[in-house]
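A.B. asks: Handing over model_10.pdb, PDB, C-alpha atoms, pLDDT in the B column.
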ATOM      1  CA  GLY T  23      15.968 -17.843  -9.706  1.00 54.00           C
ATOM      2  CA  GLN T  24      14.447 -14.568 -10.731  1.00 58.00           C
ATOM      3  CA  GLN T  25      16.794 -11.638 -11.028  1.00 74.00           C
ATOM      4  CA  LEU T  26      16.401  -7.973 -11.721  1.00 89.00           C
ATOM      5  CA  ASN T  27      19.356  -6.239 -13.335  1.00 93.00           C
ATOM      6  CA  GLN T  28      19.387  -2.537 -12.579  1.00 95.00           C
ATOM      7  CA  SER T  29      21.696  -0.047 -14.249  1.00 95.00           C
ATOM      8  CA  PRO T  30      23.644   2.057 -13.855  1.00 96.00           C
ATOM      9  CA  GLN T  31      25.008   1.074 -10.462  1.00 93.00           C
ATOM     10  CA  SER T  32      25.832   4.677  -9.603  1.00 95.00           C
ATOM     11  CA  MET T  33      25.596   8.147 -11.094  1.00 95.00           C
ATOM     12  CA  PHE T  34      27.281  11.410 -10.195  1.00 96.00           C
ATOM     13  CA  ILE T  35      25.639  14.312 -11.991  1.00 95.00           C
ATOM     14  CA  GLN T  36      25.398  18.079 -11.976  1.00 96.00           C
ATOM     15  CA  GLU T  37      22.324  19.782 -10.555  1.00 97.00           C
ATOM     16  CA  GLY T  38      19.832  20.464 -13.356  1.00 97.00           C
ATOM     17  CA  GLU T  39      20.763  17.431 -15.435  1.00 97.00           C
ATOM     18  CA  ASP T  40      18.312  14.707 -16.350  1.00 97.00           C
ATOM     19  CA  VAL T  41      18.795  11.150 -15.078  1.00 96.00           C
ATOM     20  CA  SER T  42      17.776   7.804 -16.542  1.00 97.00           C
ATOM     21  CA  MET T  43      17.981   4.364 -15.015  1.00 97.00           C
ATOM     22  CA  ASN T  44      16.497   1.038 -16.012  1.00 97.00           C
ATOM     23  CA  CYS T  45      15.713  -2.427 -14.843  1.00 97.00           C
ATOM     24  CA  THR T  46      15.519  -5.652 -16.856  1.00 96.00           C
ATOM     25  CA  SER T  47      14.431  -9.138 -15.960  1.00 93.00           C
ATOM     26  CA  SER T  48      14.334 -12.598 -17.473  1.00 89.00           C
ATOM     27  CA  SER T  49      10.852 -12.996 -15.996  1.00 88.00           C
ATOM     28  CA  ILE T  50       7.554 -11.252 -16.574  1.00 89.00           C
ATOM     29  CA  PHE T  51       6.063  -9.110 -13.825  1.00 89.00           C
ATOM     30  CA  ASN T  52       2.574  -7.677 -13.646  1.00 87.00           C
ATOM     31  CA  THR T  53       3.586  -4.782 -11.408  1.00 91.00           C
ATOM     32  CA  TRP T  54       6.729  -2.670 -11.447  1.00 94.00           C
ATOM     33  CA  LEU T  55       7.562  -0.410  -8.523  1.00 94.00           C
ATOM     34  CA  TRP T  56      10.219   2.270  -8.126  1.00 96.00           C
ATOM     35  CA  TYR T  57      11.511   3.168  -4.654  1.00 95.00           C
ATOM     36  CA  LYS T  58      13.913   5.690  -3.181  1.00 96.00           C
ATOM     37  CA  GLN T  59      15.924   5.055  -0.053  1.00 95.00           C
ATOM     38  CA  GLU T  60      17.668   7.691   2.018  1.00 92.00           C
ATOM     39  CA  PRO T  61      20.357   6.933   4.615  1.00 87.00           C
ATOM     40  CA  GLY T  62      19.037   5.180   7.710  1.00 86.00           C
ATOM     41  CA  GLU T  63      15.525   4.829   6.317  1.00 89.00           C
ATOM     42  CA  GLY T  64      13.445   2.148   4.649  1.00 90.00           C
ATOM     43  CA  PRO T  65      12.608   2.432   0.929  1.00 92.00           C
ATOM     44  CA  VAL T  66       9.733   4.741   0.049  1.00 92.00           C
ATOM     45  CA  LEU T  67       7.538   4.207  -2.998  1.00 92.00           C
ATOM     46  CA  LEU T  68       7.915   6.751  -5.812  1.00 95.00           C
ATOM     47  CA  ILE T  69       5.909   5.306  -8.689  1.00 95.00           C
ATOM     48  CA  ALA T  70       3.858   2.156  -9.280  1.00 93.00           C
ATOM     49  CA  LEU T  71       3.167   0.724 -12.745  1.00 94.00           C
ATOM     50  CA  TYR T  72       0.431  -1.824 -13.372  1.00 91.00           C
ATOM     51  CA  LYS T  73       0.033  -2.187 -17.141  1.00 91.00           C
ATOM     52  CA  ALA T  74       2.443  -2.998 -19.944  1.00 93.00           C
ATOM     53  CA  GLY T  75       3.277   0.186 -21.840  1.00 94.00           C
ATOM     54  CA  GLU T  76       2.059   2.409 -19.006  1.00 94.00           C
ATOM     55  CA  LEU T  77       3.830   5.745 -18.587  1.00 96.00           C
ATOM     56  CA  THR T  78       3.332   7.428 -15.200  1.00 95.00           C
ATOM     57  CA  SER T  79       4.662  10.684 -13.765  1.00 96.00           C
ATOM     58  CA  ASN T  80       5.139  11.926 -10.232  1.00 94.00           C
ATOM     59  CA  GLY T  81       6.400  15.504 -10.383  1.00 96.00           C
ATOM     60  CA  ARG T  82       9.811  15.438 -12.047  1.00 97.00           C
ATOM     61  CA  LEU T  83       9.839  11.638 -12.086  1.00 97.00           C
ATOM     62  CA  THR T  84       8.536   9.580 -14.992  1.00 98.00           C
ATOM     63  CA  ALA T  85       8.519   5.802 -15.169  1.00 97.00           C
ATOM     64  CA  GLN T  86       7.482   3.341 -17.851  1.00 97.00           C
ATOM     65  CA  PHE T  87       6.377  -0.286 -17.756  1.00 96.00           C
ATOM     66  CA  GLY T  88       8.013  -2.011 -20.725  1.00 95.00           C
ATOM     67  CA  ILE T  89       5.841  -3.569 -23.427  1.00 95.00           C
ATOM     68  CA  THR T  90       7.451  -6.978 -22.925  1.00 92.00           C
ATOM     69  CA  ARG T  91       6.670  -6.737 -19.160  1.00 91.00           C
ATOM     70  CA  LYS T  92      10.308  -7.617 -18.541  1.00 92.00           C
ATOM     71  CA  ASP T  93      11.675  -4.124 -18.091  1.00 95.00           C
ATOM     72  CA  SER T  94      11.026  -0.692 -16.667  1.00 97.00           C
ATOM     73  CA  PHE T  95      12.614   2.758 -16.826  1.00 97.00           C
ATOM     74  CA  LEU T  96      12.792   5.718 -14.462  1.00 98.00           C
ATOM     75  CA  ASN T  97      13.670   9.235 -15.545  1.00 98.00           C
ATOM     76  CA  ILE T  98      14.299  12.206 -13.273  1.00 97.00           C
ATOM     77  CA  SER T  99      14.251  15.596 -14.956  1.00 97.00           C
ATOM     78  CA  ALA T 100      16.127  18.697 -13.789  1.00 97.00           C
ATOM     79  CA  SER T 101      17.786  17.002 -10.817  1.00 97.00           C
ATOM     80  CA  ILE T 102      18.171  18.818  -7.507  1.00 96.00           C
ATOM     81  CA  PRO T 103      20.389  18.050  -4.490  1.00 95.00           C
ATOM     82  CA  SER T 104      17.541  16.413  -2.551  1.00 95.00           C
ATOM     83  CA  ASP T 105      17.281  13.746  -5.273  1.00 96.00           C
ATOM     84  CA  VAL T 106      20.366  12.141  -3.720  1.00 96.00           C
ATOM     85  CA  GLY T 107      19.732   8.594  -2.562  1.00 95.00           C
ATOM     86  CA  ILE T 108      19.505   5.018  -3.735  1.00 95.00           C
ATOM     87  CA  TYR T 109      16.813   4.188  -6.274  1.00 97.00           C
ATOM     88  CA  PHE T 110      15.460   0.657  -6.512  1.00 96.00           C
ATOM     89  CA  CYS T 111      13.247  -1.020  -9.038  1.00 96.00           C
ATOM     90  CA  ALA T 112      11.077  -3.923  -7.898  1.00 94.00           C
ATOM     91  CA  GLY T 113       9.020  -6.502  -9.730  1.00 92.00           C
ATOM     92  CA  LEU T 114       5.929  -7.999  -8.167  1.00 87.00           C
ATOM     93  CA  SER T 115       4.197 -11.168  -9.258  1.00 80.00           C
ATOM     94  CA  SER T 116       0.674 -10.976  -7.877  1.00 70.00           C
ATOM     95  CA  ASN T 117       0.187 -14.661  -8.745  1.00 74.00           C
ATOM     96  CA  THR T 118       2.854 -15.838  -6.331  1.00 78.00           C
ATOM     97  CA  GLY T 119       3.164 -12.798  -4.087  1.00 78.00           C
ATOM     98  CA  LYS T 120       6.893 -12.636  -4.681  1.00 84.00           C
ATOM     99  CA  LEU T 121       8.456  -9.143  -4.723  1.00 87.00           C
ATOM    100  CA  ILE T 122      12.092  -8.847  -5.783  1.00 89.00           C
ATOM    101  CA  PHE T 123      14.399  -5.857  -6.111  1.00 92.00           C
ATOM    102  CA  GLY T 124      17.163  -4.672  -8.357  1.00 92.00           C
ATOM    103  CA  GLN T 125      20.606  -3.914  -6.964  1.00 92.00           C
ATOM    104  CA  GLY T 126      19.915  -0.185  -6.773  1.00 93.00           C
ATOM    105  CA  THR T 127      21.253   2.961  -8.451  1.00 95.00           C
ATOM    106  CA  THR T 128      23.106   5.355  -6.173  1.00 95.00           C
ATOM    107  CA  LEU T 129      22.532   8.929  -7.280  1.00 96.00           C
ATOM    108  CA  GLN T 130      24.708  11.838  -6.239  1.00 96.00           C
ATOM    109  CA  VAL T 131      23.932  15.384  -7.347  1.00 95.00           C
ATOM    110  CA  LYS T 132      26.549  18.105  -7.342  1.00 92.00           C
ATOM    111  CA  PRO T 133      25.129  21.573  -6.634  1.00 89.00           C
TER     112      PRO T 133
ATOM    113  CA  ASN P  13      -1.097   5.212  11.356  1.00 61.00           C
ATOM    114  CA  ALA P  14       1.969   3.154  12.292  1.00 74.00           C
ATOM    115  CA  GLY P  15       2.225   1.190   9.015  1.00 92.00           C
ATOM    116  CA  VAL P  16       4.982  -1.445   9.315  1.00 95.00           C
ATOM    117  CA  THR P  17       6.758  -1.636  12.667  1.00 95.00           C
ATOM    118  CA  GLN P  18       9.996  -3.559  13.199  1.00 96.00           C
ATOM    119  CA  THR P  19      11.683  -4.348  16.480  1.00 96.00           C
ATOM    120  CA  PRO P  20      14.389  -4.048  17.566  1.00 96.00           C
ATOM    121  CA  LYS P  21      15.999  -1.197  15.621  1.00 94.00           C
ATOM    122  CA  PHE P  22      19.531  -2.245  16.561  1.00 96.00           C
ATOM    123  CA  GLN P  23      21.007  -5.511  17.823  1.00 96.00           C
ATOM    124  CA  VAL P  24      24.456  -6.937  18.461  1.00 97.00           C
ATOM    125  CA  LEU P  25      24.760 -10.705  18.744  1.00 97.00           C
ATOM    126  CA  LYS P  26      27.605 -13.053  19.429  1.00 97.00           C
ATOM    127  CA  THR P  27      28.248 -15.850  16.954  1.00 98.00           C
ATOM    128  CA  GLY P  28      25.979 -18.775  17.760  1.00 97.00           C
ATOM    129  CA  GLN P  29      23.350 -16.770  19.604  1.00 97.00           C
ATOM    130  CA  SER P  30      19.743 -16.840  18.480  1.00 97.00           C
ATOM    131  CA  MET P  31      17.220 -14.069  18.137  1.00 96.00           C
ATOM    132  CA  THR P  32      13.883 -13.202  16.574  1.00 97.00           C
ATOM    133  CA  LEU P  33      13.186 -10.050  14.606  1.00 97.00           C
ATOM    134  CA  GLN P  34       9.614  -8.918  14.966  1.00 97.00           C
ATOM    135  CA  CYS P  35       7.443  -7.252  12.330  1.00 97.00           C
ATOM    136  CA  ALA P  36       3.853  -6.084  12.549  1.00 97.00           C
ATOM    137  CA  GLN P  37       1.625  -4.209  10.112  1.00 96.00           C
ATOM    138  CA  ASP P  38      -1.682  -2.516  10.824  1.00 95.00           C
ATOM    139  CA  MET P  39      -2.887  -2.108   7.232  1.00 92.00           C
ATOM    140  CA  ASN P  40      -4.676  -5.477   6.958  1.00 92.00           C
ATOM    141  CA  HIS P  41      -2.278  -6.547   4.188  1.00 91.00           C
ATOM    142  CA  ASN P  42      -2.201 -10.106   2.929  1.00 90.00           C
ATOM    143  CA  SER P  43       1.491 -10.378   2.039  1.00 91.00           C
ATOM    144  CA  MET P  44       4.565  -9.804   4.160  1.00 94.00           C
ATOM    145  CA  TYR P  45       8.263  -9.995   3.328  1.00 94.00           C
ATOM    146  CA  TRP P  46      11.692 -10.101   4.924  1.00 97.00           C
ATOM    147  CA  TYR P  47      14.728  -8.678   3.107  1.00 96.00           C
ATOM    148  CA  ARG P  48      18.339  -8.146   3.959  1.00 96.00           C
ATOM    149  CA  GLN P  49      20.320  -5.228   2.588  1.00 94.00           C
ATOM    150  CA  ASP P  50      24.063  -5.341   2.150  1.00 91.00           C
ATOM    151  CA  PRO P  51      26.246  -2.723   0.417  1.00 83.00           C
ATOM    152  CA  GLY P  52      26.121  -3.109  -3.358  1.00 76.00           C
ATOM    153  CA  MET P  53      23.681  -6.033  -3.158  1.00 80.00           C
ATOM    154  CA  GLY P  54      20.375  -4.234  -3.071  1.00 84.00           C
ATOM    155  CA  LEU P  55      17.490  -5.801  -1.171  1.00 91.00           C
ATOM    156  CA  ARG P  56      17.550  -9.584  -1.225  1.00 92.00           C
ATOM    157  CA  LEU P  57      14.418 -11.523  -0.376  1.00 93.00           C
ATOM    158  CA  ILE P  58      14.860 -13.950   2.501  1.00 96.00           C
ATOM    159  CA  TYR P  59      11.328 -15.275   2.985  1.00 96.00           C
ATOM    160  CA  TYR P  60       7.858 -14.112   2.158  1.00 94.00           C
ATOM    161  CA  SER P  61       4.305 -14.912   3.105  1.00 93.00           C
ATOM    162  CA  ALA P  62       1.755 -14.342   0.362  1.00 88.00           C
ATOM    163  CA  SER P  63      -1.120 -14.862   2.769  1.00 87.00           C
ATOM    164  CA  GLU P  64      -1.774 -15.835   6.354  1.00 88.00           C
ATOM    165  CA  GLY P  65      -0.762 -19.432   6.897  1.00 88.00           C
ATOM    166  CA  THR P  66       1.734 -19.660   4.032  1.00 92.00           C
ATOM    167  CA  THR P  67       5.451 -18.963   3.830  1.00 95.00           C
ATOM    168  CA  ASP P  68       7.919 -19.388   0.976  1.00 94.00           C
ATOM    169  CA  LYS P  69      11.644 -19.145   0.523  1.00 95.00           C
ATOM    170  CA  GLY P  70      13.132 -16.183  -1.274  1.00 93.00           C
ATOM    171  CA  GLU P  71      16.614 -15.760  -2.721  1.00 91.00           C
ATOM    172  CA  VAL P  72      18.676 -16.181   0.474  1.00 95.00           C
ATOM    173  CA  PRO P  73      16.760 -18.297   3.029  1.00 97.00           C
ATOM    174  CA  ASN P  74      19.651 -20.306   4.488  1.00 96.00           C
ATOM    175  CA  GLY P  75      20.204 -19.673   8.192  1.00 96.00           C
ATOM    176  CA  TYR P  76      16.754 -18.183   8.728  1.00 98.00           C
ATOM    177  CA  ASN P  77      13.279 -19.317   9.675  1.00 97.00           C
ATOM    178  CA  VAL P  78      10.016 -17.393   9.632  1.00 97.00           C
ATOM    179  CA  SER P  79       6.619 -17.547  11.265  1.00 96.00           C
ATOM    180  CA  ARG P  80       3.445 -15.878  10.025  1.00 96.00           C
ATOM    181  CA  LEU P  81       1.864 -15.710  13.444  1.00 88.00           C
ATOM    182  CA  ASN P  82      -1.344 -14.095  12.217  1.00 94.00           C
ATOM    183  CA  LYS P  83      -2.299 -11.641   9.501  1.00 95.00           C
ATOM    184  CA  ARG P  84      -0.525  -8.775  11.281  1.00 96.00           C
ATOM    185  CA  GLU P  85       2.746 -10.371  12.336  1.00 97.00           C
ATOM    186  CA  PHE P  86       5.640 -11.985  10.484  1.00 97.00           C
ATOM    187  CA  SER P  87       8.772 -12.841  12.466  1.00 97.00           C
ATOM    188  CA  LEU P  88      12.261 -13.764  11.290  1.00 98.00           C
ATOM    189  CA  ARG P  89      14.417 -16.057  13.419  1.00 98.00           C
ATOM    190  CA  LEU P  90      18.146 -16.606  13.384  1.00 97.00           C
ATOM    191  CA  GLU P  91      18.773 -19.891  15.209  1.00 94.00           C
ATOM    192  CA  SER P  92      22.569 -19.635  15.314  1.00 97.00           C
ATOM    193  CA  ALA P  93      23.827 -16.255  14.206  1.00 97.00           C
ATOM    194  CA  ALA P  94      26.915 -16.016  11.996  1.00 97.00           C
ATOM    195  CA  PRO P  95      29.029 -12.945  11.085  1.00 97.00           C
ATOM    196  CA  SER P  96      27.771 -13.306   7.490  1.00 96.00           C
ATOM    197  CA  GLN P  97      24.322 -12.403   8.786  1.00 97.00           C
ATOM    198  CA  THR P  98      25.486  -8.940   9.755  1.00 97.00           C
ATOM    199  CA  SER P  99      23.165  -6.774   7.703  1.00 97.00           C
ATOM    200  CA  VAL P 100      20.221  -4.403   7.737  1.00 97.00           C
ATOM    201  CA  TYR P 101      16.938  -6.306   7.748  1.00 98.00           C
ATOM    202  CA  PHE P 102      13.732  -4.853   6.347  1.00 97.00           C
ATOM    203  CA  CYS P 103      10.203  -6.085   6.704  1.00 97.00           C
ATOM    204  CA  ALA P 104       7.552  -5.078   4.169  1.00 94.00           C
ATOM    205  CA  SER P 105       3.874  -5.694   3.571  1.00 93.00           C
ATOM    206  CA  SER P 106       1.576  -5.506   0.566  1.00 89.00           C
ATOM    207  CA  PRO P 107      -2.176  -5.886   0.055  1.00 84.00           C
ATOM    208  CA  LEU P 108      -1.674  -8.174  -2.980  1.00 69.00           C
ATOM    209  CA  GLU P 109      -5.411  -8.444  -3.447  1.00 64.00           C
ATOM    210  CA  SER P 110      -5.844  -6.500  -6.654  1.00 59.00           C
ATOM    211  CA  PRO P 111      -3.756  -5.546  -9.650  1.00 56.00           C
ATOM    212  CA  ASN P 112      -3.124  -2.195  -8.006  1.00 59.00           C
ATOM    213  CA  THR P 113      -0.728  -2.920  -5.199  1.00 73.00           C
ATOM    214  CA  GLU P 114       2.532  -1.753  -3.686  1.00 82.00           C
ATOM    215  CA  ALA P 115       4.760  -2.632  -0.745  1.00 87.00           C
ATOM    216  CA  PHE P 116       5.350  -0.608   2.390  1.00 90.00           C
ATOM    217  CA  PHE P 117       8.545  -0.926   4.413  1.00 93.00           C
ATOM    218  CA  GLY P 118       9.518  -0.746   8.049  1.00 93.00           C
ATOM    219  CA  GLN P 119      12.447   1.332   9.269  1.00 92.00           C
ATOM    220  CA  GLY P 120      14.861  -1.597   9.383  1.00 94.00           C
ATOM    221  CA  THR P 121      16.788  -3.581  11.987  1.00 96.00           C
ATOM    222  CA  ARG P 122      20.551  -3.131  12.022  1.00 96.00           C
ATOM    223  CA  LEU P 123      22.087  -6.410  13.138  1.00 97.00           C
ATOM    224  CA  THR P 124      25.749  -6.963  13.889  1.00 97.00           C
ATOM    225  CA  VAL P 125      27.071 -10.457  14.613  1.00 97.00           C
ATOM    226  CA  VAL P 126      30.494 -10.512  16.248  1.00 97.00           C
TER     227      VAL P 126
END
Please express what this file holds, its structure, as structure tokens.
C.D. replies:
Amino acid sequence: GQQLNQSPQSMFIQEGEDVSMNCTSSSIFNTWLWYKQEPGEGPVLLIALYKAGELTSNGRLTAQFGITRKDSFLNISASIPSDVGIYFCAGLSSNTGKLIFGQGTTLQVKP
Amino acid sequence: NAGVTQTPKFQVLKTGQSMTLQCAQDMNHNSMYWYRQDPGMGLRLIYYSASEGTTDKGEVPNGYNVSRLNKREFSLRLESAAPSQTSVYFCASSPLESPNTEAFFGQGTRLTVV
């Protein structure tokens, strides 16, 4: 079946550092979504990408929809302690309605 | 503006018991989803419903059934609970009616099967 491979699995960084994570798939998606989840909560949308090659920012977050439509990247610049959480990529096929998630990247930020 | 509402928030079941997890959305979305989240496994799709009247299996459907009762409600049923079904369950919905779409999540149901 379809799978999204998200890496790295976890990151422990110093406050102020930049962070990069990515997601790859064997299948093509026409929408890529990036979510953040905090303890005890459901995932919350950070960035949505709808076109191949699209680069979108949300504050210190920047995400890109890969040209092949099989991958996506999320960058966080100048990390702060409140960036701590689990980040998920998700691929949506609007043809089938299927939405699948990567395994998540756990981010810890040391003040 | 409730969004996606899941009930119950917590549940403890004995092995072999049955229960239904309820999910309702008030955003008039076409698609609804059920996921389970286990440590290190991310969110795995159990079942989804692309539109009212249709349901499809996801990655891990065994041991579960679903009902898309109407456009608002999508329930997940465990007929005979097993300890392996101990997990956090999330419901989500999406408009899925244009290229510009996203999914909104409920707060989760924490299920323990003993």
A.B. asks: Distance cut-off 9 Å, counting all atoms listed in the file - which residues of chain T neighbour chain P? Return them as a PDB file with C-alpha atoms, keeping the file's coordinate frame.
C.D. replies:
ATOM      1  CA  GLY T  23      15.968 -17.843  -9.706  1.00 54.00           C
ATOM      2  CA  GLN T  24      14.447 -14.568 -10.731  1.00 58.00           C
ATOM      3  CA  GLN T  31      25.008   1.074 -10.462  1.00 93.00           C
ATOM      4  CA  ASN T  52       2.574  -7.677 -13.646  1.00 87.00           C
ATOM      5  CA  THR T  53       3.586  -4.782 -11.408  1.00 91.00           C
ATOM      6  CA  TRP T  54       6.729  -2.670 -11.447  1.00 94.00           C
ATOM      7  CA  LEU T  55       7.562  -0.410  -8.523  1.00 94.00           C
ATOM      8  CA  GLY T  62      19.037   5.180   7.710  1.00 86.00           C
ATOM      9  CA  GLU T  63      15.525   4.829   6.317  1.00 89.00           C
ATOM     10  CA  GLY T  64      13.445   2.148   4.649  1.00 90.00           C
ATOM     11  CA  PRO T  65      12.608   2.432   0.929  1.00 92.00           C
ATOM     12  CA  VAL T  66       9.733   4.741   0.049  1.00 92.00           C
ATOM     13  CA  LEU T  67       7.538   4.207  -2.998  1.00 92.00           C
ATOM     14  CA  ALA T  70       3.858   2.156  -9.280  1.00 93.00           C
ATOM     15  CA  LEU T  71       3.167   0.724 -12.745  1.00 94.00           C
ATOM     16  CA  TYR T  72       0.431  -1.824 -13.372  1.00 91.00           C
ATOM     17  CA  PHE T 110      15.460   0.657  -6.512  1.00 96.00           C
ATOM     18  CA  LEU T 114       5.929  -7.999  -8.167  1.00 87.00           C
ATOM     19  CA  SER T 116       0.674 -10.976  -7.877  1.00 70.00           C
ATOM     20  CA  ASN T 117       0.187 -14.661  -8.745  1.00 74.00           C
ATOM     21  CA  THR T 118       2.854 -15.838  -6.331  1.00 78.00           C
ATOM     22  CA  GLY T 119       3.164 -12.798  -4.087  1.00 78.00           C
ATOM     23  CA  LYS T 120       6.893 -12.636  -4.681  1.00 84.00           C
ATOM     24  CA  LEU T 121       8.456  -9.143  -4.723  1.00 87.00           C
ATOM     25  CA  ILE T 122      12.092  -8.847  -5.783  1.00 89.00           C
ATOM     26  CA  PHE T 123      14.399  -5.857  -6.111  1.00 92.00           C
ATOM     27  CA  GLY T 124      17.163  -4.672  -8.357  1.00 92.00           C
ATOM     28  CA  GLN T 125      20.606  -3.914  -6.964  1.00 92.00           C
ATOM     29  CA  GLY T 126      19.915  -0.185  -6.773  1.00 93.00           C
TER      30      GLY T 126
END
A.B. asks: Name all residues at most 6 Å from T:Ala74 (count only C-alpha atoms; drop same-chain ones fewer than 5 positions away) and give them as a PDB file with C-alpha atoms, keeping the file's coordinate frame.
C.D. replies:
ATOM      1  CA  PHE T  87       6.377  -0.286 -17.756  1.00 96.00           C
ATOM      2  CA  GLY T  88       8.013  -2.011 -20.725  1.00 95.00           C
ATOM      3  CA  ILE T  89       5.841  -3.569 -23.427  1.00 95.00           C
ATOM      4  CA  ARG T  91       6.670  -6.737 -19.160  1.00 91.00           C
TER       5      ARG T  91
END
A.B. asks: Tell me, as a list in words, which residues lie within 12 Å of P:Gln97, counting all atoms listed in the file; anything in the same chain fewer than 6 positions away does not count.
C.D. replies: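 These residues fall inside the cut-off: Gln23, Val24, Leu25, Lys26, Thr27, Gly28, Gln29, Ser30, Met31, Tyr47, Arg48, Gln49, Asp50, Ile58, Val72, Pro73, Asn74, Gly75, Tyr76, Arg89, Leu90, Glu91, Arg122, Leu123, Thr124, Val125 and Val126 of chain P.
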A.B. asks: Show which residues sit within 7 Å of stretch 93-104 of chain T, as an mmCIF file with C-alpha atoms, keeping the file's coordinate frame. Count only C-alpha atoms, and ignore same-chain residues fewer than 5 positions away.
C.D. replies:
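Contents of the output file result08.cif:
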data_model
loop_
_atom_site.group_PDB
_atom_site.id
_atom_site.type_symbol
_atom_site.label_atom_id
_atom_site.label_comp_id
_atom_site.auth_asym_id
_atom_site.auth_seq_id
_atom_site.Cartn_x
_atom_site.Cartn_y
_atom_site.Cartn_z
ATOM 1 C CA GLU T 37 22.324 19.782 -10.555
ATOM 2 C CA GLY T 38 19.832 20.464 -13.356
ATOM 3 C CA GLU T 39 20.763 17.431 -15.435
ATOM 4 C CA ASP T 40 18.312 14.707 -16.350
ATOM 5 C CA VAL T 41 18.795 11.150 -15.078
ATOM 6 C CA SER T 42 17.776 7.804 -16.542
ATOM 7 C CA MET T 43 17.981 4.364 -15.015
ATOM 8 C CA ASN T 44 16.497 1.038 -16.012
ATOM 9 C CA CYS T 45 15.713 -2.427 -14.843
ATOM 10 C CA THR T 46 15.519 -5.652 -16.856
ATOM 11 C CA SER T 47 14.431 -9.138 -15.960
ATOM 12 C CA ARG T 82 9.811 15.438 -12.047
ATOM 13 C CA LEU T 83 9.839 11.638 -12.086
ATOM 14 C CA THR T 84 8.536 9.580 -14.992
ATOM 15 C CA ALA T 85 8.519 5.802 -15.169
ATOM 16 C CA GLN T 86 7.482 3.341 -17.851
ATOM 17 C CA PHE T 87 6.377 -0.286 -17.756
ATOM 18 C CA GLY T 88 8.013 -2.011 -20.725
ATOM 19 C CA VAL T 131 23.932 15.384 -7.347
ATOM 20 C CA LYS T 132 26.549 18.105 -7.342
ATOM 21 C CA PRO T 133 25.129 21.573 -6.634
#
A.B. asks: Suppose you want the space between atom CA of T:Thr128 and atom CA of T:Thr90; what is it in Å?
C.D. replies: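 Pair atom CA of T:Thr128 / atom CA of T:Thr90 returns 26.0 Å.
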A.B. asks: Quote the spacing between atom CA of P:Ala94 and atom CA of P:Thr32 in Å to one decimal place.
C.D. replies: 14.1 Å
A.B. asks: Could you work out how far atom CA of T:Leu129 lies from atom CA of T:Met33, giving the answer in Å with one decimal?
C.D. replies: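 If I compute the distance from atom CA of T:Met33 to atom CA of T:Leu129, I get 5.0 Å.
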A.B. asks: Evaluate the PyMOL selection byres ((chain P and resi 14-20) around 6) on the structure here and hand back the selected residues as a PyMOL selection string.
C.D. replies: chain P and resi 13+21-22+34-38+118
